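Structure file work23.pdb (PDB, C-alpha atoms) follows.
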```
ATOM      1  CA  MET A  13       8.153  -2.111 -27.770  1.00  0.00           C
ATOM      2  CA  THR A  14       5.513  -3.035 -30.318  1.00  0.00           C
ATOM      3  CA  THR A  15       2.765  -5.599 -30.270  1.00  0.00           C
ATOM      4  CA  GLY A  16       0.843  -7.283 -33.027  1.00  0.00           C
ATOM      5  CA  MET A  17       1.403  -9.833 -35.734  1.00  0.00           C
ATOM      6  CA  LYS A  18       4.897 -10.211 -37.113  1.00  0.00           C
ATOM      7  CA  ALA A  19       6.523 -12.281 -39.808  1.00  0.00           C
ATOM      8  CA  GLY A  20       6.532 -15.898 -38.755  1.00  0.00           C
ATOM      9  CA  ASP A  21       3.509 -15.567 -36.459  1.00  0.00           C
ATOM     10  CA  THR A  22       1.583 -17.946 -38.713  1.00  0.00           C
ATOM     11  CA  ASP A  23       3.878 -20.717 -37.486  1.00  0.00           C
ATOM     12  CA  ARG A  24       2.736 -20.314 -33.900  1.00  0.00           C
ATOM     13  CA  PRO A  25       0.262 -22.837 -32.523  1.00  0.00           C
ATOM     14  CA  ALA A  26      -3.346 -21.891 -31.875  1.00  0.00           C
ATOM     15  CA  PRO A  27      -4.332 -21.294 -28.233  1.00  0.00           C
ATOM     16  CA  ASN A  28      -5.218 -24.457 -26.384  1.00  0.00           C
ATOM     17  CA  GLY A  29      -8.120 -24.921 -24.013  1.00  0.00           C
ATOM     18  CA  ARG A  30      -6.410 -23.324 -20.997  1.00  0.00           C
ATOM     19  CA  ASP A  31      -5.262 -20.406 -23.133  1.00  0.00           C
ATOM     20  CA  LYS A  32      -8.801 -19.807 -24.335  1.00  0.00           C
ATOM     21  CA  ALA A  33     -10.179 -19.938 -20.787  1.00  0.00           C
ATOM     22  CA  ALA A  34      -7.549 -17.445 -19.576  1.00  0.00           C
ATOM     23  CA  ILE A  35      -8.281 -15.163 -22.526  1.00  0.00           C
ATOM     24  CA  ALA A  36     -12.002 -15.270 -21.761  1.00  0.00           C
ATOM     25  CA  ARG A  37     -11.418 -14.349 -18.094  1.00  0.00           C
ATOM     26  CA  ALA A  38      -9.039 -11.537 -19.036  1.00  0.00           C
ATOM     27  CA  SER A  39     -11.453 -10.215 -21.648  1.00  0.00           C
ATOM     28  CA  ALA A  40     -14.290 -10.103 -19.124  1.00  0.00           C
ATOM     29  CA  ARG A  41     -12.169  -8.166 -16.613  1.00  0.00           C
ATOM     30  CA  VAL A  42     -10.906  -5.706 -19.211  1.00  0.00           C
ATOM     31  CA  LEU A  43     -14.422  -4.979 -20.456  1.00  0.00           C
ATOM     32  CA  GLN A  44     -15.503  -4.237 -16.878  1.00  0.00           C
ATOM     33  CA  ARG A  45     -12.800  -1.611 -16.415  1.00  0.00           C
ATOM     34  CA  HIS A  46     -13.380   2.056 -17.249  1.00  0.00           C
ATOM     35  CA  LYS A  47     -11.719   3.235 -20.432  1.00  0.00           C
ATOM     36  CA  ARG A  48      -9.078   5.854 -19.674  1.00  0.00           C
ATOM     37  CA  ALA A  49      -8.855   9.189 -21.415  1.00  0.00           C
ATOM     38  CA  SER A  50      -6.254   9.336 -24.180  1.00  0.00           C
ATOM     39  CA  VAL A  51      -5.046  11.762 -26.834  1.00  0.00           C
ATOM     40  CA  ASP A  52      -3.543  11.760 -30.300  1.00  0.00           C
ATOM     41  CA  VAL A  53      -0.230  13.644 -30.360  1.00  0.00           C
ATOM     42  CA  GLU A  54       0.827  15.722 -33.359  1.00  0.00           C
ATOM     43  CA  GLY A  55       3.751  18.047 -34.031  1.00  0.00           C
ATOM     44  CA  GLU A  56       7.245  18.404 -32.583  1.00  0.00           C
ATOM     45  CA  ALA A  57       8.680  19.815 -29.371  1.00  0.00           C
ATOM     46  CA  GLY A  58       7.663  23.438 -28.953  1.00  0.00           C
ATOM     47  CA  SER A  59       4.677  23.069 -31.278  1.00  0.00           C
ATOM     48  CA  LEU A  60       3.068  20.003 -29.792  1.00  0.00           C
ATOM     49  CA  SER A  61      -0.679  19.633 -30.237  1.00  0.00           C
ATOM     50  CA  VAL A  62      -3.046  17.000 -28.970  1.00  0.00           C
ATOM     51  CA  ALA A  63      -6.377  15.938 -30.389  1.00  0.00           C
ATOM     52  CA  PRO A  64      -9.177  13.592 -29.329  1.00  0.00           C
ATOM     53  CA  PRO A  65      -8.890  10.012 -30.558  1.00  0.00           C
ATOM     54  CA  HIS A  66     -12.492  10.176 -31.817  1.00  0.00           C
ATOM     55  CA  THR A  67     -14.926  12.675 -33.297  1.00  0.00           C
ATOM     56  CA  ASP A  68     -16.835  13.528 -30.099  1.00  0.00           C
ATOM     57  CA  LEU A  69     -14.932  16.652 -29.067  1.00  0.00           C
ATOM     58  CA  SER A  70     -17.186  17.672 -26.182  1.00  0.00           C
ATOM     59  CA  GLY A  71     -17.292  14.105 -24.880  1.00  0.00           C
ATOM     60  CA  HIS A  72     -13.501  13.866 -24.922  1.00  0.00           C
ATOM     61  CA  HIS A  73     -13.261  17.214 -23.137  1.00  0.00           C
ATOM     62  CA  ARG A  74     -15.449  15.872 -20.330  1.00  0.00           C
ATOM     63  CA  GLN A  75     -13.320  12.724 -20.182  1.00  0.00           C
ATOM     64  CA  MET A  76     -10.219  14.832 -19.636  1.00  0.00           C
ATOM     65  CA  LEU A  77     -11.934  16.949 -16.993  1.00  0.00           C
ATOM     66  CA  ASP A  78     -13.017  13.819 -15.168  1.00  0.00           C
ATOM     67  CA  ALA A  79      -9.519  12.309 -15.391  1.00  0.00           C
ATOM     68  CA  PHE A  80      -8.134  15.368 -13.584  1.00  0.00           C
ATOM     69  CA  GLY A  81     -10.980  15.514 -11.063  1.00  0.00           C
ATOM     70  CA  THR A  82     -12.037  19.040 -11.924  1.00  0.00           C
ATOM     71  CA  PRO A  83     -14.752  21.055 -13.693  1.00  0.00           C
ATOM     72  CA  SER A  84     -12.157  23.715 -14.579  1.00  0.00           C
ATOM     73  CA  ALA A  85     -10.867  23.618 -18.145  1.00  0.00           C
ATOM     74  CA  ASP A  86      -8.016  25.951 -17.193  1.00  0.00           C
ATOM     75  CA  PHE A  87      -6.829  23.657 -14.404  1.00  0.00           C
ATOM     76  CA  MET A  88      -7.022  20.622 -16.652  1.00  0.00           C
ATOM     77  CA  THR A  89      -5.117  22.305 -19.499  1.00  0.00           C
ATOM     78  CA  ALA A  90      -2.383  23.719 -17.254  1.00  0.00           C
ATOM     79  CA  THR A  91      -1.895  20.488 -15.325  1.00  0.00           C
ATOM     80  CA  PHE A  92      -1.859  18.399 -18.483  1.00  0.00           C
ATOM     81  CA  SER A  93       0.812  20.684 -19.971  1.00  0.00           C
ATOM     82  CA  GLN A  94       2.928  20.289 -16.827  1.00  0.00           C
ATOM     83  CA  LEU A  95       2.569  16.536 -17.065  1.00  0.00           C
ATOM     84  CA  VAL A  96       3.689  16.491 -20.709  1.00  0.00           C
ATOM     85  CA  THR A  97       6.748  18.598 -19.851  1.00  0.00           C
ATOM     86  CA  THR A  98       7.862  16.439 -16.923  1.00  0.00           C
ATOM     87  CA  ILE A  99       7.631  13.066 -18.658  1.00  0.00           C
ATOM     88  CA  THR A 100       9.757  14.104 -21.653  1.00  0.00           C
ATOM     89  CA  ASN A 101      12.763  11.765 -21.734  1.00  0.00           C
ATOM     90  CA  ARG A 102      14.719  13.413 -24.504  1.00  0.00           C
ATOM     91  CA  ALA A 103      16.003  16.971 -24.730  1.00  0.00           C
ATOM     92  CA  ASN A 104      14.217  19.144 -27.314  1.00  0.00           C
ATOM     93  CA  ALA A 105      11.931  16.250 -28.238  1.00  0.00           C
ATOM     94  CA  ALA A 106       8.246  15.744 -27.820  1.00  0.00           C
ATOM     95  CA  PRO A 107       7.085  12.953 -25.539  1.00  0.00           C
ATOM     96  CA  ASP A 108       5.957   9.791 -27.188  1.00  0.00           C
ATOM     97  CA  GLU A 109       2.201   9.449 -27.542  1.00  0.00           C
ATOM     98  CA  SER A 110       2.241   6.199 -25.614  1.00  0.00           C
ATOM     99  CA  GLU A 111       4.106   7.895 -22.730  1.00  0.00           C
ATOM    100  CA  ILE A 112       1.461  10.605 -22.482  1.00  0.00           C
ATOM    101  CA  ASN A 113      -1.423   8.154 -22.622  1.00  0.00           C
ATOM    102  CA  ALA A 114       0.275   5.863 -20.097  1.00  0.00           C
ATOM    103  CA  ALA A 115       0.549   8.797 -17.683  1.00  0.00           C
ATOM    104  CA  LEU A 116      -3.084   9.706 -18.338  1.00  0.00           C
ATOM    105  CA  ALA A 117      -4.088   6.116 -17.598  1.00  0.00           C
ATOM    106  CA  MET A 118      -2.237   6.231 -14.287  1.00  0.00           C
ATOM    107  CA  ILE A 119      -3.921   9.497 -13.304  1.00  0.00           C
ATOM    108  CA  GLY A 120      -7.295   8.140 -14.373  1.00  0.00           C
ATOM    109  CA  GLY A 121      -6.648   5.001 -12.349  1.00  0.00           C
ATOM    110  CA  ALA A 122      -6.126   7.150  -9.245  1.00  0.00           C
ATOM    111  CA  GLU A 123      -9.576   8.657  -9.875  1.00  0.00           C
ATOM    112  CA  PRO A 124      -8.863  12.034  -8.220  1.00  0.00           C
ATOM    113  CA  ALA A 125     -11.918  13.506  -6.552  1.00  0.00           C
ATOM    114  CA  ASN A 126     -10.663  17.100  -6.695  1.00  0.00           C
ATOM    115  CA  GLU A 127      -7.819  19.261  -7.932  1.00  0.00           C
ATOM    116  CA  VAL A 128      -5.502  18.569  -4.982  1.00  0.00           C
ATOM    117  CA  GLU A 129      -5.778  14.823  -5.451  1.00  0.00           C
ATOM    118  CA  ALA A 130      -5.157  15.335  -9.163  1.00  0.00           C
ATOM    119  CA  LEU A 131      -1.937  17.216  -8.420  1.00  0.00           C
ATOM    120  CA  ILE A 132      -0.669  14.346  -6.283  1.00  0.00           C
ATOM    121  CA  ALA A 133      -1.595  11.867  -9.010  1.00  0.00           C
ATOM    122  CA  VAL A 134       0.282  13.944 -11.616  1.00  0.00           C
ATOM    123  CA  GLN A 135       3.328  14.101  -9.341  1.00  0.00           C
ATOM    124  CA  MET A 136       3.176  10.345  -8.887  1.00  0.00           C
ATOM    125  CA  ALA A 137       3.095   9.798 -12.646  1.00  0.00           C
ATOM    126  CA  ALA A 138       6.084  12.103 -13.192  1.00  0.00           C
ATOM    127  CA  THR A 139       8.040  10.614 -10.285  1.00  0.00           C
ATOM    128  CA  HIS A 140       7.466   7.068 -11.477  1.00  0.00           C
ATOM    129  CA  SER A 141       8.515   7.952 -15.023  1.00  0.00           C
ATOM    130  CA  LEU A 142      11.802   9.489 -13.893  1.00  0.00           C
ATOM    131  CA  ALA A 143      12.485   6.660 -11.435  1.00  0.00           C
ATOM    132  CA  MET A 144      12.190   4.116 -14.231  1.00  0.00           C
ATOM    133  CA  VAL A 145      14.604   6.150 -16.366  1.00  0.00           C
ATOM    134  CA  MET A 146      17.152   6.204 -13.526  1.00  0.00           C
ATOM    135  CA  LEU A 147      16.798   2.472 -12.944  1.00  0.00           C
ATOM    136  CA  GLY A 148      17.330   1.812 -16.639  1.00  0.00           C
ATOM    137  CA  ARG A 149      20.475   3.945 -16.671  1.00  0.00           C
ATOM    138  CA  ALA A 150      21.761   2.221 -13.541  1.00  0.00           C
ATOM    139  CA  ARG A 151      21.574  -1.141 -15.310  1.00  0.00           C
ATOM    140  CA  ARG A 152      23.601   0.102 -18.278  1.00  0.00           C
ATOM    141  CA  VAL A 153      26.493   1.873 -16.531  1.00  0.00           C
ATOM    142  CA  GLU A 154      29.863   0.221 -16.050  1.00  0.00           C
ATOM    143  CA  GLN A 155      31.427   2.440 -13.393  1.00  0.00           C
ATOM    144  CA  LEU A 156      30.596   1.956  -9.723  1.00  0.00           C
ATOM    145  CA  ASN A 157      30.267   5.688  -9.052  1.00  0.00           C
ATOM    146  CA  GLN A 158      27.772   5.984 -11.910  1.00  0.00           C
ATOM    147  CA  LEU A 159      25.810   3.024 -10.559  1.00  0.00           C
ATOM    148  CA  GLU A 160      25.690   4.603  -7.102  1.00  0.00           C
ATOM    149  CA  ALA A 161      24.586   7.961  -8.526  1.00  0.00           C
ATOM    150  CA  GLN A 162      21.876   6.640 -10.824  1.00  0.00           C
ATOM    151  CA  GLY A 163      20.722   3.918  -8.427  1.00  0.00           C
ATOM    152  CA  GLY A 164      20.691   6.289  -5.445  1.00  0.00           C
ATOM    153  CA  LEU A 165      18.536   8.787  -7.309  1.00  0.00           C
ATOM    154  CA  ALA A 166      16.187   5.996  -8.370  1.00  0.00           C
ATOM    155  CA  VAL A 167      15.808   4.867  -4.754  1.00  0.00           C
ATOM    156  CA  LYS A 168      15.010   8.434  -3.633  1.00  0.00           C
ATOM    157  CA  LEU A 169      12.402   8.780  -6.359  1.00  0.00           C
ATOM    158  CA  LEU A 170      10.783   5.450  -5.472  1.00  0.00           C
ATOM    159  CA  ARG A 171      10.614   6.499  -1.824  1.00  0.00           C
ATOM    160  CA  THR A 172       9.073   9.795  -2.896  1.00  0.00           C
ATOM    161  CA  PHE A 173       6.508   7.887  -4.923  1.00  0.00           C
ATOM    162  CA  ALA A 174       5.594   5.821  -1.848  1.00  0.00           C
ATOM    163  CA  LEU A 175       5.211   9.004   0.212  1.00  0.00           C
ATOM    164  CA  GLN A 176       3.006  10.532  -2.460  1.00  0.00           C
ATOM    165  CA  ALA A 177       0.788   7.451  -2.497  1.00  0.00           C
ATOM    166  CA  GLU A 178       0.591   7.561   1.300  1.00  0.00           C
ATOM    167  CA  ALA A 179      -0.315  11.254   1.217  1.00  0.00           C
ATOM    168  CA  LEU A 180      -3.106  10.555  -1.262  1.00  0.00           C
ATOM    169  CA  ALA A 181      -4.470   7.709   0.861  1.00  0.00           C
ATOM    170  CA  LYS A 182      -4.285   9.839   4.024  1.00  0.00           C
ATOM    171  CA  MET A 183      -6.124  12.682   2.318  1.00  0.00           C
ATOM    172  CA  ARG A 184      -8.909  10.327   1.281  1.00  0.00           C
ATOM    173  CA  ARG A 185      -9.423   8.924   4.754  1.00  0.00           C
ATOM    174  CA  GLY A 186      -9.555  12.439   6.215  1.00  0.00           C
ATOM    175  CA  GLY A 187      -6.192  12.420   7.948  1.00  0.00           C
ATOM    176  CA  GLY A 188      -7.424  10.188  10.746  1.00  0.00           C
ATOM    177  CA  GLN A 189      -6.382   6.675  11.579  1.00  0.00           C
ATOM    178  CA  THR A 190      -8.719   4.090  13.005  1.00  0.00           C
ATOM    179  CA  VAL A 191      -7.380   1.162  15.017  1.00  0.00           C
ATOM    180  CA  ARG A 192      -9.878  -1.627  15.544  1.00  0.00           C
ATOM    181  CA  VAL A 193      -9.271  -4.459  17.973  1.00  0.00           C
ATOM    182  CA  GLU A 194     -11.310  -7.607  17.577  1.00  0.00           C
ATOM    183  CA  HIS A 195     -11.613 -10.939  19.384  1.00  0.00           C
ATOM    184  CA  VAL A 196     -10.529  -9.904  22.888  1.00  0.00           C
ATOM    185  CA  HIS A 197     -10.738 -12.983  25.103  1.00  0.00           C
ATOM    186  CA  VAL A 198     -10.710 -12.721  28.915  1.00  0.00           C
ATOM    187  CA  HIS A 199     -10.181 -16.095  30.534  1.00  0.00           C
ATOM    188  CA  ALA A 200     -11.342 -17.105  33.997  1.00  0.00           C
ATOM    189  CA  GLY A 201      -9.410 -15.281  36.706  1.00  0.00           C
ATOM    190  CA  GLY A 202      -8.215 -12.596  34.306  1.00  0.00           C
ATOM    191  CA  GLN A 203      -9.208  -8.974  33.824  1.00  0.00           C
ATOM    192  CA  ALA A 204      -9.487  -6.875  30.675  1.00  0.00           C
ATOM    193  CA  ILE A 205      -7.751  -3.498  30.964  1.00  0.00           C
ATOM    194  CA  VAL A 206      -9.301  -0.610  29.048  1.00  0.00           C
ATOM    195  CA  GLY A 207      -7.345   2.632  29.227  1.00  0.00           C
ATOM    196  CA  ASN A 208      -3.759   3.760  29.431  1.00  0.00           C
ATOM    197  CA  VAL A 209      -1.179   1.153  30.251  1.00  0.00           C
ATOM    198  CA  ALA A 210       2.012   2.041  32.068  1.00  0.00           C
ATOM    199  CA  PRO A 211       5.226   1.829  30.018  1.00  0.00           C
ATOM    200  CA  GLY A 212       6.409  -1.114  32.087  1.00  0.00           C
ATOM    201  CA  GLY A 213       3.561  -3.205  30.730  1.00  0.00           C
ATOM    202  CA  GLY A 214       1.306  -3.054  33.783  1.00  0.00           C
ATOM    203  CA  ALA A 215      -1.877  -1.059  34.195  1.00  0.00           C
ATOM    204  CA  GLY A 216      -1.609   2.312  35.888  1.00  0.00           C
ATOM    205  CA  LEU A 217      -4.080   1.297  38.636  1.00  0.00           C
ATOM    206  CA  LYS A 218      -3.463   0.981  42.352  1.00  0.00           C
ATOM    207  CA  SER A 219      -4.443  -2.195  44.082  1.00  0.00           C
ATOM    208  CA  GLU A 220      -7.084  -0.268  46.078  1.00  0.00           C
ATOM    209  CA  ASP A 221      -8.761   0.829  42.843  1.00  0.00           C
ATOM    210  CA  GLN A 222      -9.319  -2.681  41.627  1.00  0.00           C
ATOM    211  CA  PRO A 223     -12.863  -3.875  42.352  1.00  0.00           C
ATOM    212  CA  HIS A 224     -12.026  -7.097  44.160  1.00  0.00           C
ATOM    213  CA  ALA A 225      -8.618  -6.237  45.561  1.00  0.00           C
ATOM    214  CA  LYS A 226      -9.717  -5.673  49.223  1.00  0.00           C
ATOM    215  CA  GLN A 227     -12.092  -8.611  49.241  1.00  0.00           C
ATOM    216  CA  ASP A 228      -9.473 -10.949  47.873  1.00  0.00           C
ATOM    217  CA  ALA A 229      -6.903  -9.711  50.410  1.00  0.00           C
ATOM    218  CA  ASN A 230      -9.251 -10.312  53.380  1.00  0.00           C
ATOM    219  CA  THR A 231     -10.161 -13.708  52.078  1.00  0.00           C
ATOM    220  CA  VAL A 232      -6.533 -14.704  51.923  1.00  0.00           C
ATOM    221  CA  ALA A 233      -5.840 -13.293  55.421  1.00  0.00           C
ATOM    222  CA  ASP A 234      -8.730 -15.193  57.079  1.00  0.00           C
ATOM    223  CA  ALA A 235      -8.087 -18.463  55.367  1.00  0.00           C
ATOM    224  CA  PRO A 236      -6.669 -21.218  57.598  1.00  0.00           C
ATOM    225  CA  LEU A 237      -3.063 -21.983  57.060  1.00  0.00           C
ATOM    226  CA  THR A 238      -2.381 -25.206  55.276  1.00  0.00           C
ATOM    227  CA  PRO A 239       0.836 -26.874  56.331  1.00  0.00           C
ATOM    228  CA  LEU A 240       3.342 -27.299  53.605  1.00  0.00           C
ATOM    229  CA  ARG A 241       3.687 -30.970  54.456  1.00  0.00           C
ATOM    230  CA  ARG A 242       1.959 -33.362  56.767  1.00  0.00           C
ATOM    231  CA  ALA A 243       3.459 -34.347  60.084  1.00  0.00           C
ATOM    232  CA  HIS A 244       4.596 -37.898  60.333  1.00  0.00           C
ATOM    233  CA  PRO A 245       2.181 -40.099  62.352  1.00  0.00           C
ATOM    234  CA  VAL A 246       3.404 -41.205  65.793  1.00  0.00           C
ATOM    235  CA  ARG A 247       5.319 -44.318  65.362  1.00  0.00           C
ATOM    236  CA  GLU A 248       5.229 -46.991  68.081  1.00  0.00           C
ATOM    237  CA  ARG A 249       8.574 -47.753  69.564  1.00  0.00           C
ATOM    238  CA  VAL A 250       9.653 -51.225  68.807  1.00  0.00           C
ATOM    239  CA  LEU A 251      11.379 -52.839  71.719  1.00  0.00           C
ATOM    240  CA  ARG A 252      14.463 -54.635  70.841  1.00  0.00           C
ATOM    241  CA  ALA A 253      15.854 -57.518  72.786  1.00  0.00           C
ATOM    242  CA  SER A 254      18.715 -55.370  74.013  1.00  0.00           C
ATOM    243  CA  ASP A 255      16.202 -52.897  75.648  1.00  0.00           C
ATOM    244  CA  ALA A 256      14.418 -55.580  77.708  1.00  0.00           C
TER     245      ALA A 256
END
```
Go through the file and emit its structure as structure tokens.
Amino acid sequence: MTTGMKAGDTDRPAPNGRDKAAIARASARVLQRHKRASVDVEGEAGSLSVAPPHTDLSGHHRQMLDAFGTPSADFMTATFSQLVTTITNRANAAPDESEINAALAMIGGAEPANEVEALIAVQMAATHSLAMVMLGRARRVEQLNQLEAQGGLAVKLLRTFALQAEALAKMRRGGGQTVRVEHVHVHAGGQAIVGNVAPGGGAGLKSEDQPHAKQDANTVADAPLTPLRRAHPVRERVLRASDA
């Protein structure tokens, strides 16, 4: 895929007002983002060499160290070489420069704080790259068994990617998990239960342990009984002529 002006582009209309507003918003967001480390790729497979995209060699070296979350040049060089090897799509061919820089952008976007986080980020970049290759192959096959093979591998890789992202997030929050409950409302006549709750849904407390259980029981026992229905008032007997 290439971008830029092509033949016939002069026939396209100029951006309208909404286009210009969207371009301005996008430009502001892009300028606020950190520029990712990138490299210029030279040579063929087996003799691949990379060079900075600008003349500040020491500055580019620090950019690469920061992208891999390390002060160690050896770690950065070794890990970068592993990344280049794993994202190669073609046998005996060097990776495309855009593929390498795309992977570097992904790792830089993860902003690894140390070498372990950098390793997970590199694995995520390699896993995603291979998953996309498998998905592309699955769309082009014509046999069902090939579709199942390629698609099944793609699904496994995508699940692995999700697990890697979860592992990175868990590492950053220290392995713990915080559950926060807000807006607990206790209405009149109700009680809030703090502690373990029995599996059946009720609290594991005896009635004697509840603060007002005995008082409420005595109150109910001493209360006068209220008849379920009122007795009929005494009705006067009406004498009929036959009773006289």
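Closest approach to His140 (chain A) among A:Met76, A:Gln158, A:Ala125, A:Arg171: A:Arg171, based on all atoms listed in the file.
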Find the axis-aligned box for region 142-157 of chain A, covering all its listed atoms and adding 3 Å on each side, and write its centre and edge lengths in Å to one decimal as AutoDock Vina command-line options.
```
--center_x 21.6 --center_y 4.2 --center_z -13.7 --size_x 25.6 --size_y 16.6 --size_z 15.2
```
Interatomic distance, CA of Ile99 (chain A) to CA of Ala117 (chain A) (Å, one decimal)
13.7 Å
For Leu116 (chain A), find every residue with an atom within 8 Å (counting only C-alpha atoms), except residues of its own chain fewer than 5 positions away, and show them as a list in words.
Arg48, Ala49, Ser50 and Ala79 of chain A
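We find CA of Thr97 (chain A) and CA of Leu60 (chain A) to be spaced 10.7 Å apart.
CA of Leu170 (chain A) is positioned 12.1 Å from CA of Gln135 (chain A).
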Can you tell me which residues surround Ala150 (chain A) at a distance of at most 10 Å, considering all atoms listed in the file, apart from same-chain residues fewer than 4 positions away, and format the answer as number ranges by chain?
A: 144-146, 154-156, 158-166
Residue nearest Ser93 (chain A) - candidates A:Thr139, A:Asn126, A:Ser61, A:Ser39, atoms counted: all atoms listed in the file:
A:Ser61
Given the file shown, enumerate the residues that the PyMOL selection byres ((chain A and resi 94) around 12) captures and present them as a PDB file with C-alpha atoms, in the coordinates of the input.
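Wrote out.pdb, looks like this:
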```
ATOM      1  CA  PHE A  87      -6.829  23.657 -14.404  1.00  0.00           C
ATOM      2  CA  MET A  88      -7.022  20.622 -16.652  1.00  0.00           C
ATOM      3  CA  THR A  89      -5.117  22.305 -19.499  1.00  0.00           C
ATOM      4  CA  ALA A  90      -2.383  23.719 -17.254  1.00  0.00           C
ATOM      5  CA  THR A  91      -1.895  20.488 -15.325  1.00  0.00           C
ATOM      6  CA  PHE A  92      -1.859  18.399 -18.483  1.00  0.00           C
ATOM      7  CA  SER A  93       0.812  20.684 -19.971  1.00  0.00           C
ATOM      8  CA  LEU A  95       2.569  16.536 -17.065  1.00  0.00           C
ATOM      9  CA  VAL A  96       3.689  16.491 -20.709  1.00  0.00           C
ATOM     10  CA  THR A  97       6.748  18.598 -19.851  1.00  0.00           C
ATOM     11  CA  THR A  98       7.862  16.439 -16.923  1.00  0.00           C
ATOM     12  CA  ILE A  99       7.631  13.066 -18.658  1.00  0.00           C
ATOM     13  CA  THR A 100       9.757  14.104 -21.653  1.00  0.00           C
ATOM     14  CA  ILE A 112       1.461  10.605 -22.482  1.00  0.00           C
ATOM     15  CA  ALA A 115       0.549   8.797 -17.683  1.00  0.00           C
ATOM     16  CA  LEU A 131      -1.937  17.216  -8.420  1.00  0.00           C
ATOM     17  CA  VAL A 134       0.282  13.944 -11.616  1.00  0.00           C
ATOM     18  CA  GLN A 135       3.328  14.101  -9.341  1.00  0.00           C
ATOM     19  CA  ALA A 137       3.095   9.798 -12.646  1.00  0.00           C
ATOM     20  CA  ALA A 138       6.084  12.103 -13.192  1.00  0.00           C
TER      21      ALA A 138
END
```
Using the chain letters and residue numbers of this document, give as a ChimeraX atom specification the residues selected by the PyMOL selection byres ((chain A and resi 180-182) around 12).
/A:122-136,173-179,183-190
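For Asp52 (chain A), the residues within 10 Å (counting all atoms listed in the file, excluding itself and residues fewer than 4 positions away along the chain) are Ser61, Val62, Ala63, Pro64, Pro65, His66, Glu109, Ser110, Ile112 and Asn113 of chain A.
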So, with only C-alpha atoms as the atoms that count, which of A:Val51, A:Leu43, A:Gly148, A:Asn28 lies closest to Thr67 (chain A)?
A:Val51
